[in-house]
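As provided, coords01.pdb (PDB, C-alpha atoms) reads as follows.
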```
MODEL        1
ATOM      1  CA  MET B  24       9.515 -28.694  75.994
ATOM      2  CA  PRO B  25       7.364 -30.937  73.826
ATOM      3  CA  VAL B  26      10.255 -32.629  72.000
ATOM      4  CA  GLU B  27       9.839 -35.762  69.924
ATOM      5  CA  LEU B  28      11.828 -38.757  71.141
ATOM      6  CA  THR B  29      13.419 -41.597  69.218
ATOM      7  CA  GLN B  30      11.868 -45.051  69.535
ATOM      8  CA  GLY B  31      13.489 -47.996  71.274
ATOM      9  CA  TYR B  32      15.002 -49.002  74.597
ATOM     10  CA  ASN B  33      16.895 -45.741  75.247
ATOM     11  CA  PRO B  34      14.831 -42.862  73.763
ATOM     12  CA  ARG B  35      16.625 -39.602  73.004
ATOM     13  CA  ILE B  36      15.555 -36.176  71.771
ATOM     14  CA  LYS B  37      15.222 -36.049  67.975
ATOM     15  CA  VAL B  38      17.852 -33.477  67.133
ATOM     16  CA  SER B  39      20.364 -33.104  64.317
ATOM     17  CA  PHE B  40      23.268 -30.716  63.902
ATOM     18  CA  GLY B  41      25.117 -29.173  60.985
ATOM     19  CA  PRO B  42      28.539 -30.490  59.940
ATOM     20  CA  ALA B  43      30.984 -30.845  62.823
ATOM     21  CA  LEU B  44      33.495 -28.064  63.274
ATOM     22  CA  PRO B  45      37.042 -29.102  62.385
ATOM     23  CA  LEU B  46      39.452 -29.174  65.313
ATOM     24  CA  GLY B  47      40.582 -25.651  66.241
ATOM     25  CA  VAL B  48      37.902 -23.884  64.186
ATOM     26  CA  GLU B  49      35.621 -21.412  65.959
ATOM     27  CA  GLY B  50      31.895 -21.392  65.107
ATOM     28  CA  TRP B  51      29.847 -18.206  65.185
ATOM     29  CA  GLN B  52      26.439 -19.315  63.872
ATOM     30  CA  GLU B  53      25.961 -23.050  64.054
ATOM     31  CA  ILE B  54      22.729 -24.762  63.133
ATOM     32  CA  MET B  55      20.608 -27.546  64.617
ATOM     33  CA  GLU B  56      17.188 -29.038  64.044
ATOM     34  CA  ILE B  57      14.871 -30.143  66.870
ATOM     35  CA  THR B  58      11.674 -32.091  66.229
ATOM     36  CA  LEU B  59       8.743 -31.005  68.391
ATOM     37  CA  THR B  60       5.474 -32.840  68.991
ATOM     38  CA  GLU B  61       3.521 -29.575  69.108
ATOM     39  CA  LEU B  62       4.117 -26.115  67.731
ATOM     40  CA  LEU B  63       5.634 -23.551  70.113
ATOM     41  CA  ALA B  64       6.050 -19.821  69.621
ATOM     42  CA  LYS B  65       9.549 -19.077  68.350
ATOM     43  CA  GLU B  66      10.370 -16.687  71.212
ATOM     44  CA  LYS B  67       9.165 -19.147  73.854
ATOM     45  CA  LEU B  68      11.264 -21.949  72.360
ATOM     46  CA  LYS B  69      14.307 -19.687  72.127
ATOM     47  CA  ASP B  70      13.893 -18.555  75.753
ATOM     48  CA  GLU B  71      13.504 -22.155  77.016
ATOM     49  CA  ILE B  72      16.671 -23.310  75.227
ATOM     50  CA  ASN B  73      18.685 -20.267  76.313
ATOM     51  CA  LYS B  74      17.672 -20.765  79.959
ATOM     52  CA  ALA B  75      19.072 -24.299  79.926
ATOM     53  CA  ALA B  76      22.091 -23.596  77.677
ATOM     54  CA  PRO B  77      25.652 -23.553  79.028
ATOM     55  CA  SER B  78      27.514 -20.252  79.393
ATOM     56  CA  GLY B  79      28.631 -18.827  76.052
ATOM     57  CA  PHE B  80      25.968 -20.699  74.093
ATOM     58  CA  GLN B  81      22.959 -18.725  72.916
ATOM     59  CA  VAL B  82      20.218 -19.400  70.387
ATOM     60  CA  LEU B  83      19.941 -16.315  68.201
ATOM     61  CA  GLU B  84      17.216 -17.256  65.771
ATOM     62  CA  ILE B  85      14.602 -19.948  65.276
ATOM     63  CA  GLU B  86      12.992 -20.899  61.990
ATOM     64  CA  GLN B  87      10.285 -23.443  61.323
ATOM     65  CA  VAL B  88      11.388 -26.064  58.818
ATOM     66  CA  VAL B  89       9.016 -25.998  55.895
ATOM     67  CA  ASN B  90      10.404 -29.062  54.092
ATOM     68  CA  LYS B  91       9.340 -31.704  56.585
ATOM     69  CA  GLY B  92      10.843 -35.098  55.929
ATOM     70  CA  ILE B  93      13.973 -33.698  54.273
ATOM     71  CA  PRO B  94      17.000 -34.232  56.539
ATOM     72  CA  LEU B  95      18.991 -31.203  57.654
ATOM     73  CA  SER B  96      22.065 -32.465  55.776
ATOM     74  CA  LYS B  97      20.135 -32.169  52.478
ATOM     75  CA  LEU B  98      19.070 -28.564  53.193
ATOM     76  CA  LEU B  99      22.561 -27.207  53.886
ATOM     77  CA  LYS B 100      24.230 -25.591  50.886
ATOM     78  CA  TYR B 101      27.338 -23.637  51.954
ATOM     79  CA  ALA B 102      29.636 -23.010  54.908
ATOM     80  CA  SER B 103      31.225 -19.563  55.128
ATOM     81  CA  TYR B 104      34.685 -19.279  56.736
ATOM     82  CA  LEU B 105      37.005 -16.425  57.648
ATOM     83  CA  ILE B 106      40.694 -17.391  57.641
ATOM     84  CA  TYR B 107      43.144 -15.033  59.338
ATOM     85  CA  LEU B 108      46.744 -15.234  58.110
ATOM     86  CA  ILE B 109      49.437 -13.297  59.948
ATOM     87  CA  PHE B 110      53.012 -12.656  58.873
ATOM     88  CA  ILE B 111      55.627 -14.655  60.770
ATOM     89  CA  ASN B 112      58.306 -11.983  60.638
ATOM     90  CA  ASN B 113      58.064  -8.248  61.004
ATOM     91  CA  MET B 114      58.572  -7.062  57.422
ATOM     92  CA  GLU B 115      58.281  -3.822  55.533
ATOM     93  CA  LYS B 116      55.031  -2.799  53.904
ATOM     94  CA  SER B 117      56.238  -3.436  50.334
ATOM     95  CA  LYS B 118      57.029  -7.073  51.180
ATOM     96  CA  LYS B 119      53.603  -7.482  52.826
ATOM     97  CA  ILE B 120      51.978  -6.077  49.678
ATOM     98  CA  TYR B 121      53.991  -8.565  47.590
ATOM     99  CA  TYR B 122      52.773 -11.517  49.684
ATOM    100  CA  ARG B 123      49.194 -10.254  49.692
ATOM    101  CA  ASN B 124      49.310 -10.050  45.883
ATOM    102  CA  LYS B 125      50.873 -13.539  45.758
ATOM    103  CA  ILE B 126      48.004 -14.967  47.850
ATOM    104  CA  ASP B 127      45.492 -13.145  45.614
ATOM    105  CA  TYR B 128      47.184 -14.653  42.533
ATOM    106  CA  ASN B 129      47.106 -18.128  44.132
ATOM    107  CA  ILE B 130      43.367 -17.752  44.831
ATOM    108  CA  LYS B 131      42.625 -16.832  41.216
ATOM    109  CA  TYR B 132      44.829 -19.673  39.992
ATOM    110  CA  MET B 133      43.065 -22.217  42.216
ATOM    111  CA  LEU B 134      39.603 -21.014  41.189
ATOM    112  CA  ASN B 135      40.517 -21.377  37.500
ATOM    113  CA  LYS B 136      41.874 -24.913  37.866
ATOM    114  CA  GLY B 137      39.727 -27.880  36.919
ATOM    115  CA  GLU B 138      40.941 -29.906  39.888
ATOM    116  CA  ILE B 139      43.070 -29.416  42.992
ATOM    117  CA  LYS B 140      44.451 -32.738  44.195
ATOM    118  CA  THR B 141      45.641 -33.171  47.785
ATOM    119  CA  ILE B 142      46.071 -35.943  50.314
ATOM    120  CA  LYS B 143      43.547 -36.205  53.156
ATOM    121  CA  GLU B 144      44.046 -38.327  56.242
ATOM    122  CA  THR B 145      40.993 -40.480  56.963
ATOM    123  CA  LYS B 146      40.229 -43.214  59.483
ATOM    124  CA  LYS B 147      41.131 -45.754  56.799
ATOM    125  CA  GLY B 148      44.452 -44.059  55.936
ATOM    126  CA  LEU B 149      45.580 -41.517  53.354
ATOM    127  CA  LYS B 150      43.259 -40.701  50.468
ATOM    128  CA  GLU B 151      43.717 -38.448  47.438
ATOM    129  CA  ILE B 152      40.841 -36.001  47.009
ATOM    130  CA  ASP B 153      39.947 -33.134  44.691
ATOM    131  CA  LEU B 154      39.366 -29.890  46.630
ATOM    132  CA  ARG B 155      37.987 -27.886  43.682
ATOM    133  CA  PRO B 156      34.352 -29.139  43.879
ATOM    134  CA  TYR B 157      34.176 -27.946  47.485
ATOM    135  CA  ILE B 158      35.262 -24.344  46.751
ATOM    136  CA  HIS B 159      32.323 -22.103  45.893
ATOM    137  CA  LYS B 160      34.016 -18.738  46.379
ATOM    138  CA  MET B 161      37.300 -17.436  47.801
ATOM    139  CA  THR B 162      38.464 -13.820  48.091
ATOM    140  CA  ILE B 163      40.753 -11.645  50.189
ATOM    141  CA  LEU B 164      38.839  -9.125  52.281
ATOM    142  CA  PRO B 165      40.017  -5.536  52.028
ATOM    143  CA  ASN B 166      41.826  -4.628  55.252
ATOM    144  CA  SER B 167      45.198  -3.540  56.564
ATOM    145  CA  TYR B 168      48.337  -5.227  55.286
ATOM    146  CA  ASP B 169      49.304  -6.487  58.761
ATOM    147  CA  GLU B 170      47.124  -9.557  58.253
ATOM    148  CA  ILE B 171      45.303 -11.219  55.404
ATOM    149  CA  ILE B 172      41.686 -12.292  55.893
ATOM    150  CA  ILE B 173      40.333 -14.767  53.376
ATOM    151  CA  ASP B 174      36.590 -15.194  52.895
ATOM    152  CA  LEU B 175      36.087 -18.828  51.900
ATOM    153  CA  ILE B 176      32.683 -20.265  51.026
ATOM    154  CA  LEU B 177      32.605 -24.038  50.738
ATOM    155  CA  ASN B 178      29.979 -26.237  49.126
ATOM    156  CA  ILE B 179      28.415 -28.751  51.483
ATOM    157  CA  LYS B 180      27.818 -32.079  49.773
ATOM    158  CA  SER B 181      25.395 -34.528  51.426
ATOM    159  CA  GLY B 182      26.155 -33.056  54.841
ATOM    160  CA  GLU B 183      29.926 -33.285  54.294
ATOM    161  CA  CYS B 184      32.019 -30.142  54.517
ATOM    162  CA  ILE B 185      35.740 -30.337  53.765
ATOM    163  CA  ASN B 186      38.214 -29.041  56.360
ATOM    164  CA  PRO B 187      39.221 -25.497  55.279
ATOM    165  CA  ASN B 188      42.790 -26.196  56.465
ATOM    166  CA  LEU B 189      43.265 -28.459  53.427
ATOM    167  CA  ILE B 190      42.390 -25.602  51.081
ATOM    168  CA  ILE B 191      44.400 -22.943  52.921
ATOM    169  CA  ASN B 192      47.470 -25.196  53.123
ATOM    170  CA  SER B 193      47.255 -25.739  49.344
ATOM    171  CA  LEU B 194      46.756 -22.001  48.832
ATOM    172  CA  ILE B 195      49.818 -20.875  50.805
ATOM    173  CA  ASP B 196      52.039 -23.881  50.011
ATOM    174  CA  ASP B 197      54.601 -21.821  48.045
ATOM    175  CA  VAL B 198      54.764 -19.029  50.685
ATOM    176  CA  LYS B 199      54.062 -20.966  53.902
ATOM    177  CA  GLU B 200      57.364 -19.889  55.471
ATOM    178  CA  SER B 201      55.962 -16.330  55.638
ATOM    179  CA  PHE B 202      52.570 -16.993  57.277
ATOM    180  CA  LEU B 203      50.839 -18.510  60.276
ATOM    181  CA  ILE B 204      47.163 -19.368  60.264
ATOM    182  CA  GLU B 205      46.116 -17.271  63.264
ATOM    183  CA  LYS B 206      42.518 -18.493  63.378
ATOM    184  CA  ILE B 207      39.737 -19.961  61.297
ATOM    185  CA  ILE B 208      36.114 -19.066  61.988
ATOM    186  CA  ARG B 209      33.085 -20.787  60.511
ATOM    187  CA  GLU B 210      31.048 -17.626  60.205
ATOM    188  CA  LYS B 211      27.755 -19.285  59.241
ATOM    189  CA  ILE B 212      26.042 -22.165  57.493
ATOM    190  CA  ILE B 213      23.855 -21.222  54.543
ATOM    191  CA  ILE B 214      20.650 -23.190  53.951
ATOM    192  CA  ASN B 215      19.374 -24.024  50.465
TER     193      ASN B 215
ENDMDL
END
```

Final structure tokens representation of the file:
Amino acid sequence: MPVELTQGYNPRIKVSFGPALPLGVEGWQEIMEITLTELLAKEKLKDEINKAAPSGFQVLEIEQVVNKGIPLSKLLKYASYLIYLIFINNMEKSKKIYYRNKIDYNIKYMLNKGEIKTIKETKKGLKEIDLRPYIHKMTILPNSYDEIIIDLILNIKSGECINPNLIINSLIDDVKESFLIEKIIREKIIIN
């Protein structure tokens, strides 16, 4: 493929990726940007990448970047997550409804707060951060009462996306003895 290479002693393909997935989070539609030296047909490029890709990895869609010169991190706007909460104990339906309503109340409470302070572990140690600016939208998806699925859309700021575990742990803090986070999926990244 006619890829552009970096300059210097050890040239590499000019490629950039979206925000890294947090540990244990599954990604369904990740995003990357490859710089080419000549224009290729989208289908040809997709076929070439898919032929060389490892098992389980597949390019689904290719788009030409119109805003040349603007880094990928500046184009990304939101990250959409699905968080699956399951009940720890087998409980009756009325209790599950109570906890579902409690989570729904907690979501509304968090969204109405001006700030949500929590402690984040960084390479330099513990740091207090405000989670509220990262939360764009959060709702419970309608489904059975055997699990709770939360649709969480996070703002991406300068290529940085906060770990959704920080938000979910704050959300279920007062009922955490009743739930396990079964899985978290980054459903997609939304471009500006």

What would the selection look like, as an mmCIF file with C-alpha atoms, keeping the file's coordinate frame, if the PyMOL selection byres ((chain B and resi 143) around 12) were run on the coordinates I just shared?
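So part_22.cif came out as:
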```cif
data_model
loop_
_atom_site.group_PDB
_atom_site.id
_atom_site.type_symbol
_atom_site.label_atom_id
_atom_site.label_comp_id
_atom_site.auth_asym_id
_atom_site.auth_seq_id
_atom_site.Cartn_x
_atom_site.Cartn_y
_atom_site.Cartn_z
ATOM 1 C CA LYS B 140 44.451 -32.738 44.195
ATOM 2 C CA THR B 141 45.641 -33.171 47.785
ATOM 3 C CA ILE B 142 46.071 -35.943 50.314
ATOM 4 C CA GLU B 144 44.046 -38.327 56.242
ATOM 5 C CA THR B 145 40.993 -40.480 56.963
ATOM 6 C CA LYS B 146 40.229 -43.214 59.483
ATOM 7 C CA LYS B 147 41.131 -45.754 56.799
ATOM 8 C CA GLY B 148 44.452 -44.059 55.936
ATOM 9 C CA LEU B 149 45.580 -41.517 53.354
ATOM 10 C CA LYS B 150 43.259 -40.701 50.468
ATOM 11 C CA GLU B 151 43.717 -38.448 47.438
ATOM 12 C CA ILE B 152 40.841 -36.001 47.009
ATOM 13 C CA ASP B 153 39.947 -33.134 44.691
ATOM 14 C CA LEU B 154 39.366 -29.890 46.630
ATOM 15 C CA ILE B 185 35.740 -30.337 53.765
ATOM 16 C CA ASN B 186 38.214 -29.041 56.360
ATOM 17 C CA PRO B 187 39.221 -25.497 55.279
ATOM 18 C CA ASN B 188 42.790 -26.196 56.465
ATOM 19 C CA LEU B 189 43.265 -28.459 53.427
ATOM 20 C CA ILE B 190 42.390 -25.602 51.081
ATOM 21 C CA ASN B 192 47.470 -25.196 53.123
ATOM 22 C CA SER B 193 47.255 -25.739 49.344
#
```

Kindly extract all protein, DNA and RNA residues lying within 8 Å of the coordinates (26.6, -30.9, 50.8) given in the file, considering all atoms listed in the file, and supply them as a count of residues only.
12

Suppose a student applies the PyMOL selection byres ((chain B and resi 48-54) around 7) to this structure; what residues should they get, written as a VMD selection string?
chain B and resid 40 to 41 44 to 47 55 207 to 212

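Residue nearest Pro42 in chain B, chosen from B:Lys69, B:Phe202, B:Asn124, B:Leu95 and counting all atoms listed in the file: B:Leu95.
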
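What separates CA of Tyr157 in chain B from CA of Asn135 in chain B is a distance of 13.5 Å.
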
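The result of the PyMOL selection byres ((chain B and resi 172) around 8) on the shown file is Leu105, Ile106, Tyr107, Leu108, Ile163, Leu164, Pro165, Asn166, Glu170, Ile171, Ile173 and Asp174 of chain B.
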
Pick from B:Gln30, B:Ser201, B:Thr58, B:Asn73: nearest to Lys125 in chain B, with all atoms listed in the file counted?
B:Ser201

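The two atoms in question, CA of Ile176 in chain B and CA of Val88 in chain B, are spaced 23.4 Å apart.
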